[in-house]
>>> print(open('work_25.txt').read())   # compact mmCIF, C-alpha atoms and all ligand atoms
# COMPACT_ATOMS: atom_id res chain seq x y z
CA MET A 1467 -17.42 -29.38 22.55
CA GLN A 1468 -15.73 -28.70 19.27
CA ALA A 1469 -18.51 -26.32 18.17
CA ARG A 1470 -18.13 -24.48 21.46
CA GLY A 1471 -14.39 -24.23 20.88
CA GLU A 1472 -14.99 -22.76 17.45
CA TYR A 1473 -17.53 -20.34 18.88
CA ALA A 1474 -14.99 -19.21 21.47
CA GLN A 1475 -12.44 -18.75 18.69
CA VAL A 1476 -14.86 -16.56 16.73
CA VAL A 1477 -15.70 -14.49 19.80
CA LYS A 1478 -12.00 -14.10 20.52
CA SER A 1479 -11.22 -12.98 16.97
CA VAL A 1480 -14.14 -10.53 16.96
CA ILE A 1481 -12.93 -9.03 20.23
CA LEU A 1482 -9.36 -8.78 18.90
CA SER A 1483 -10.62 -7.09 15.73
CA LEU A 1484 -12.63 -4.61 17.79
CA VAL A 1485 -9.60 -3.82 19.93
CA ALA A 1486 -7.49 -3.33 16.77
CA LEU A 1487 -10.24 -1.14 15.33
CA LEU A 1488 -10.29 0.95 18.49
CA ILE A 1489 -6.54 1.46 18.45
CA PHE A 1490 -5.76 1.77 14.79
CA GLY A 1491 -9.09 2.53 13.22
CA THR A 1492 -9.67 0.40 10.18
CA ALA A 1493 -6.47 -1.61 10.29
CA ALA A 1494 -4.59 -1.44 7.00
CA TYR A 1495 -4.64 -5.19 6.51
CA SER A 1496 -8.42 -5.42 6.76
CA GLU A 1497 -9.01 -2.52 4.41
CA ASP A 1498 -10.08 -2.96 0.82
CA LEU A 1499 -6.98 -2.59 -1.27
CA PRO A 1500 -6.96 -0.01 -4.06
CA ALA A 1501 -7.18 -1.45 -7.58
CA PRO A 1502 -3.86 -2.53 -9.12
CA LEU A 1503 -2.13 0.36 -10.87
CA LYS A 1504 -1.81 0.26 -14.64
CA SER A 1505 1.09 2.58 -15.24
CA GLY A 1506 4.17 3.83 -13.53
CA GLY A 1507 3.90 7.00 -11.53
CA VAL A 1508 5.37 9.34 -8.96
CA VAL A 1509 4.73 9.18 -5.23
CA LEU A 1510 5.46 12.76 -4.25
CA THR A 1511 5.80 13.24 -0.50
CA PHE A 1512 6.39 16.06 1.97
CA ASP A 1513 7.37 15.75 5.63
CA ASP A 1514 7.08 17.39 9.05
CA ARG A 1515 4.71 20.26 9.88
CA ASN A 1516 4.96 22.77 7.06
CA PHE A 1517 1.23 23.35 7.14
CA ASP A 1518 1.04 26.87 5.72
CA ASP A 1519 3.36 26.02 2.82
CA TRP A 1520 1.46 22.89 1.95
CA LEU A 1521 -1.93 24.60 1.97
CA ALA A 1522 -0.55 27.43 -0.14
CA ALA A 1523 0.67 24.89 -2.72
CA ILE A 1524 -2.80 23.37 -3.27
CA PRO A 1525 -3.50 25.50 -6.39
CA LEU A 1526 -0.13 24.52 -7.87
CA PHE A 1527 -0.93 20.81 -7.44
CA GLU A 1528 -4.38 21.44 -8.86
CA LYS A 1529 -2.97 23.10 -11.96
CA TYR A 1530 -1.28 19.78 -12.85
CA HIS A 1531 -3.94 17.44 -11.43
CA ALA A 1532 -1.25 16.13 -9.11
CA ASN A 1533 -1.84 14.63 -5.69
CA ALA A 1534 0.80 14.26 -3.01
CA THR A 1535 1.22 12.68 0.40
CA PHE A 1536 1.97 14.69 3.52
CA PHE A 1537 3.67 12.94 6.45
CA ILE A 1538 2.93 14.80 9.66
CA SER A 1539 5.23 14.66 12.68
CA GLY A 1540 4.42 15.70 16.25
CA ALA A 1541 1.09 16.08 17.97
CA ILE A 1542 -1.98 15.60 15.85
CA ASP A 1543 -3.48 18.76 17.27
CA GLU A 1544 -6.18 21.08 15.94
CA LYS A 1545 -3.91 22.73 13.39
CA ALA A 1546 -2.62 19.37 12.13
CA ILE A 1547 -6.13 18.00 11.79
CA ALA A 1548 -7.46 21.10 10.03
CA THR A 1549 -4.56 21.00 7.57
CA ALA A 1550 -4.88 17.26 7.02
CA LEU A 1551 -8.61 17.51 6.33
CA GLU A 1552 -8.16 20.35 3.88
CA LEU A 1553 -5.39 18.51 2.02
CA LYS A 1554 -7.51 15.37 1.91
CA GLN A 1555 -10.43 17.35 0.55
CA HIS A 1556 -8.21 18.22 -2.41
CA GLY A 1557 -7.28 14.60 -3.06
CA HIS A 1558 -4.01 14.44 -1.13
CA ALA A 1559 -3.13 11.78 1.41
CA ILE A 1560 -1.94 12.02 4.99
CA GLY A 1561 0.70 9.78 6.53
CA SER A 1562 2.34 9.38 9.91
CA HIS A 1563 5.83 10.74 10.55
CA SER A 1564 5.92 9.82 14.29
CA VAL A 1565 5.39 11.77 17.49
CA HIS A 1566 8.95 12.75 18.42
CA HIS A 1567 10.78 12.61 15.08
CA LEU A 1568 13.46 10.24 16.33
CA SER A 1569 15.86 7.98 14.49
CA ALA A 1570 14.39 4.47 14.68
CA ILE A 1571 17.91 3.04 14.48
CA LYS A 1572 18.99 4.98 17.56
CA TYR A 1573 15.69 4.31 19.31
CA LEU A 1574 16.25 0.56 19.04
CA GLU A 1575 19.49 0.83 21.01
CA ASP A 1576 17.44 0.94 24.21
CA HIS A 1577 13.85 0.21 23.15
CA THR A 1578 11.97 -2.45 21.23
CA ALA A 1579 10.17 -2.07 17.93
CA ALA A 1580 6.92 -2.56 19.86
CA ASP A 1581 7.87 0.46 22.05
CA PHE A 1582 8.36 2.47 18.87
CA VAL A 1583 4.85 1.64 17.72
CA LYS A 1584 3.35 2.31 21.14
CA ASN A 1585 5.11 5.63 21.79
CA GLU A 1586 5.73 7.03 18.33
CA ILE A 1587 2.82 5.76 16.25
CA GLU A 1588 -0.22 4.91 18.35
CA PRO A 1589 -0.82 8.41 19.80
CA GLN A 1590 -0.88 9.82 16.25
CA MET A 1591 -3.13 7.05 14.94
CA ILE A 1592 -5.67 7.51 17.73
CA ALA A 1593 -5.88 11.25 17.03
CA PHE A 1594 -6.03 10.77 13.25
CA ARG A 1595 -8.74 8.16 13.63
CA ALA A 1596 -10.81 10.44 15.84
CA ALA A 1597 -10.77 12.93 12.96
CA GLY A 1598 -11.76 10.27 10.41
CA ILE A 1599 -8.29 9.97 8.88
CA THR A 1600 -6.65 6.56 8.40
CA PRO A 1601 -3.02 6.83 7.30
CA THR A 1602 -1.86 3.89 5.18
CA ALA A 1603 1.82 4.84 5.23
CA PHE A 1604 4.59 5.99 7.53
CA ALA A 1605 7.72 7.98 6.68
CA TYR A 1606 10.82 7.40 8.79
CA PRO A 1607 12.29 10.55 10.35
CA MET A 1608 15.70 11.24 8.82
CA SER A 1609 15.26 8.10 6.69
CA ARG A 1610 16.59 6.01 9.57
CA ASN A 1611 14.73 2.75 9.09
CA HIS A 1612 15.58 -0.56 10.71
CA PRO A 1613 14.42 -4.07 9.72
CA GLU A 1614 12.85 -4.61 13.18
CA THR A 1615 10.69 -1.50 13.05
CA ASP A 1616 10.01 -2.16 9.35
CA LYS A 1617 8.47 -5.49 10.30
CA GLU A 1618 6.41 -4.08 13.16
CA LEU A 1619 5.23 -1.03 11.21
CA LEU A 1620 4.17 -3.08 8.20
CA LYS A 1621 1.55 -4.69 10.43
CA ILE A 1622 -0.08 -1.25 10.63
CA PHE A 1623 0.84 0.42 7.34
CA ARG A 1624 0.86 -0.82 3.74
CA HIS A 1625 3.98 1.20 2.92
CA LEU A 1626 6.89 2.79 4.72
CA ARG A 1627 9.09 5.45 3.22
CA THR A 1628 12.73 5.79 3.95
CA GLY A 1629 15.40 7.46 1.86
CA LYS A 1630 18.84 7.02 0.43
CA GLY A 1631 21.68 9.38 -0.33
CA ILE A 1632 23.39 9.03 -3.69
CA ASP A 1633 26.79 9.73 -5.12
CA SER A 1634 26.38 13.09 -6.83
CA GLN A 1635 28.58 11.90 -9.69
CA ARG A 1636 25.90 9.39 -10.61
CA GLY A 1637 22.31 9.73 -11.74
CA ILE A 1638 19.12 8.99 -9.80
CA ILE A 1639 18.39 6.46 -12.56
CA ASP A 1640 21.49 4.51 -11.54
CA TYR A 1641 19.85 3.50 -8.26
CA ASP A 1642 17.21 0.82 -8.72
CA GLU A 1643 16.04 1.26 -5.09
CA PHE A 1644 14.11 4.37 -6.09
CA PHE A 1645 12.15 2.56 -8.80
CA VAL A 1646 9.57 -0.14 -8.05
CA PRO A 1647 8.00 -1.96 -11.02
CA VAL A 1648 4.28 -1.21 -10.84
CA GLU A 1649 3.33 -4.88 -10.52
CA LYS A 1650 5.65 -5.21 -7.52
CA ILE A 1651 4.36 -2.23 -5.53
CA LYS A 1652 1.93 -4.34 -3.50
CA GLU A 1653 4.65 -6.61 -2.15
CA THR A 1654 7.14 -3.77 -1.66
CA GLY A 1655 6.40 -2.37 1.78
CA LEU A 1656 9.52 -0.26 2.16
CA LEU A 1657 9.92 2.50 -0.42
CA PHE A 1658 13.17 4.39 -0.92
CA GLY A 1659 12.54 8.05 -1.65
CA LYS A 1660 14.90 10.47 -3.38
CA GLY A 1661 15.16 13.86 -1.72
CA ILE A 1662 14.39 16.84 -3.96
CA ASP A 1663 14.74 19.72 -1.48
CA PHE A 1664 17.15 22.29 -2.95
CA ALA A 1665 16.52 21.07 -6.49
CA PRO A 1666 17.98 21.90 -8.93
CA VAL A 1667 20.91 23.47 -7.08
CA ARG A 1668 22.47 20.35 -5.58
CA ASP A 1669 24.29 18.12 -8.02
CA ASP A 1670 22.46 14.92 -7.10
CA ARG A 1671 19.08 16.51 -7.90
CA SER A 1672 19.63 18.70 -10.93
CA PHE A 1673 16.65 19.01 -13.27
CA GLU A 1674 18.56 16.86 -15.74
CA LYS A 1675 18.76 14.02 -13.19
CA ILE A 1676 15.18 14.42 -11.98
CA ASP A 1677 13.88 14.54 -15.56
CA ALA A 1678 15.82 11.37 -16.40
CA ALA A 1679 14.34 9.66 -13.34
CA LEU A 1680 10.79 10.65 -14.32
CA THR A 1681 11.45 9.43 -17.86
CA ARG A 1682 12.74 6.08 -16.58
CA ALA A 1683 9.61 5.62 -14.40
CA ALA A 1684 7.34 6.39 -17.38
CA GLN A 1685 9.19 4.13 -19.82
CA ASN A 1686 9.64 1.17 -17.47
CA ARG A 1687 6.25 1.47 -15.72
CA GLU A 1688 7.89 2.04 -12.36
CA ILE A 1689 6.86 3.88 -9.21
CA LEU A 1690 9.34 6.60 -8.30
CA THR A 1691 9.16 8.03 -4.77
CA LEU A 1692 10.35 11.59 -4.09
CA TYR A 1693 10.39 13.61 -0.89
CA ALA A 1694 10.77 17.19 0.23
CA HIS A 1695 9.74 19.36 3.20
CA GLN A 1696 8.81 23.03 2.96
CA ILE A 1697 7.49 24.54 -0.27
CA THR A 1698 8.76 28.09 -0.28
CA PRO A 1699 10.87 30.44 -2.45
CA ILE A 1700 13.32 31.09 0.40
CA GLY A 1701 13.41 28.93 3.48
CA LYS A 1702 15.41 27.92 6.49
CA GLY A 1703 16.11 24.22 6.60
CA ASN A 1704 14.92 21.84 3.91
CA PHE A 1705 12.73 23.26 1.20
CA ILE A 1706 11.82 23.04 -2.45
CA THR A 1707 10.86 26.21 -4.27
CA PRO A 1708 7.43 26.39 -5.90
CA SER A 1709 9.14 26.84 -9.27
CA ALA A 1710 11.29 23.72 -8.83
CA LEU A 1711 8.20 21.81 -7.75
CA GLU A 1712 6.38 23.09 -10.81
CA HIS A 1713 9.23 21.83 -12.99
CA VAL A 1714 8.67 18.31 -11.60
CA LEU A 1715 4.89 18.54 -12.04
CA LYS A 1716 5.25 19.85 -15.58
CA LYS A 1717 7.78 17.23 -16.66
CA ALA A 1718 5.65 14.38 -15.28
CA LYS A 1719 2.64 15.76 -17.11
CA ALA A 1720 4.58 15.96 -20.38
CA LEU A 1721 5.52 12.29 -19.90
CA ASN A 1722 1.92 11.33 -19.10
CA LEU A 1723 3.24 10.04 -15.80
CA PRO A 1724 0.57 10.21 -13.08
CA PHE A 1725 1.06 11.10 -9.43
CA PHE A 1726 -0.13 8.55 -6.89
CA THR A 1727 -0.72 9.12 -3.21
CA VAL A 1728 0.28 6.35 -0.82
CA ASP A 1729 -3.42 5.64 -0.33
CA GLN A 1730 -3.65 4.75 -4.03
CA LEU A 1731 -0.88 2.17 -3.79
CA PRO A 1732 -2.14 -1.39 -3.32
ZN ZN B 1 10.99 14.70 9.09
>>> encode(input="work_25.txt", output="structure tokens")
Amino acid sequence: MQARGEYAQVVKSVILSLVALLIFGTAAYSEDLPAPLKSGGVVLTFDDRNFDDWLAAIPLFEKYHANATFFISGAIDEKAIATALELKQHGHAIGSHSVHHLSAIKYLEDHTAADFVKNEIEPQMIAFRAAGITPTAFAYPMSRNHPETDKELLKIFRHLRTGKGIDSQRGIIDYDEFFVPVEKIKETGLLFGKGIDFAPVRDDRSFEKIDAALTRAAQNREILTLYAHQITPIGKGNFITPSALEHVLKKAKALNLPFFTVDQLP
């Protein structure tokens, strides 16, 4: 009887795994983890659907041997897939940024965290998986994370990215949230990113402050997460210029500070 019970348990767990595989592809928790990282580094991320900008920036990333992560919002349609595959081919990673780009905090006023996963994440994951892409991270739209969705999403993703505004009188280095000691990155699911759109024009993201942040990450062996959107000399909405981006890439290189994609984070 007991053996039969165990057999039934095994069958049940195999079926559950297959269902999970069908929905999420290779579920993050069953995946082989990347090797532990040996140095600090920068997790450079870009959001939304700025496909043409991102593809155009590939040579710039290549010039500095830098890889980034691109969090795609909306339908994972033909254009999204083609862009994602090309970015991946160049060593970049693809993450989920949800279907409708909603604030999770607001969403939870009349939905559950499970609804968020079902309506905002699963449709993207199914389409990504069909194209052979398995995102390991999610970026919250408008940096509006909530502990309930954090918990639910960390069953699917190894890392979540949110953000945090800072007092422009202070430095990025004054906020420990942006810096995760490399040996703690595995247990730190929620990463706080510092926005660098409009660098160096806005006071909270001058080159002086960004350079100091990169220097801190290198010296203390910490992972620093940064985010931006479009990559264009003149844009509407949120953008970083190619020259400002190059400043970041160049400074990190001078510090011997590598760039990690979210897929490289254990
Ligand atoms: Zn966004």
>>> atom_distance(input="work_25.txt", atom1="CA of Glu1528 (chain A)", atom2="CA of Leu1680 (chain A)")
19.4 Å
>>> closest_residue(input="work_25.txt", among="A:His1558, A:Arg1636, A:His1563, A:Lys1630", to="Ser1672 (chain A)", atoms="all atoms listed in the file")
A:Arg1636
>>> residues_around(input="work_25.txt", residues="Gln1685 (chain A)", least_positions_apart="2", cutoff="12 Å", atoms="only C-alpha atoms", output="list in words")
Ser1505, Gly1506, Gly1507, Ile1639, Phe1645, Pro1647, Val1648, Ala1678, Ala1679, Leu1680, Thr1681, Arg1682, Ala1683, Arg1687, Glu1688, Ile1689, Leu1690, Ala1718, Leu1721, Asn1722 and Leu1723 of chain A
>>> closest_residue(input="work_25.txt", among="A:Leu1503, A:Pro1708, A:Ile1571, A:Leu1619", to="Phe1664 (chain A)", atoms="only C-alpha atoms")
A:Pro1708
>>> closest_residue(input="work_25.txt", among="A:Ala1684, A:Val1509, A:Ala1570, A:Leu1731", to="Lys1719 (chain A)", atoms="all atoms listed in the file")
A:Ala1684
>>> closest_residue(input="work_25.txt", among="A:Gln1555, A:Asn1533, A:Thr1615, A:Ser1539", to="Asp1514 (chain A)", atoms="only C-alpha atoms")
A:Ser1539
>>> residues_near_ligand(input="work_25.txt", ligand="ligand ZN 1 (chain B)", cutoff="12 Å", atoms="only C-alpha atoms and all ligand atoms", output="MDAnalysis selection string")
chainID A and resid 1511:1516 1536:1540 1561:1569 1604:1610 1627:1629 1661 1693:1696 1703:1705
>>> residues_around(input="work_25.txt", residues="Asp1519 (chain A)", least_positions_apart="4", cutoff="9 Å", atoms="only C-alpha atoms", output="list of chain:residue names")
A:Ala1523, A:Gln1696, A:Ile1697, A:Thr1698
>>> atom_distance(input="work_25.txt", atom1="CA of Val1667 (chain A)", atom2="CA of Thr1549 (chain A)")
29.5 Å
>>> closest_residue(input="work_25.txt", among="A:Ala1603, A:Ala1597, A:Val1714, A:Val1508", to="Ala1665 (chain A)", atoms="all atoms listed in the file")
A:Val1714
>>> axis_aligned_box(input="work_25.txt", around="region 1629-1636 of chain A", padding_each_side="3 Å", output="AutoDock Vina command-line options")
--center_x 22.0 --center_y 10.1 --center_z -4.4 --size_x 19.2 --size_y 12.1 --size_z 18.5
>>> residues_around(input="work_25.txt", residues="Phe1594 (chain A)", least_positions_apart="2", cutoff="12 Å", atoms="only C-alpha atoms", output="ChimeraX atom specification")
/A:1488-1492,1538-1544,1546-1551,1560-1562,1587-1592,1596-1602
>>> residues_around(input="work_25.txt", residues="Gly1655 (chain A)", least_positions_apart="2", cutoff="12 Å", atoms="all atoms listed in the file", output="PyMOL selection string")
chain A and resi 1602-1605+1613+1616-1628+1646+1650-1653+1657-1658+1728+1731-1732
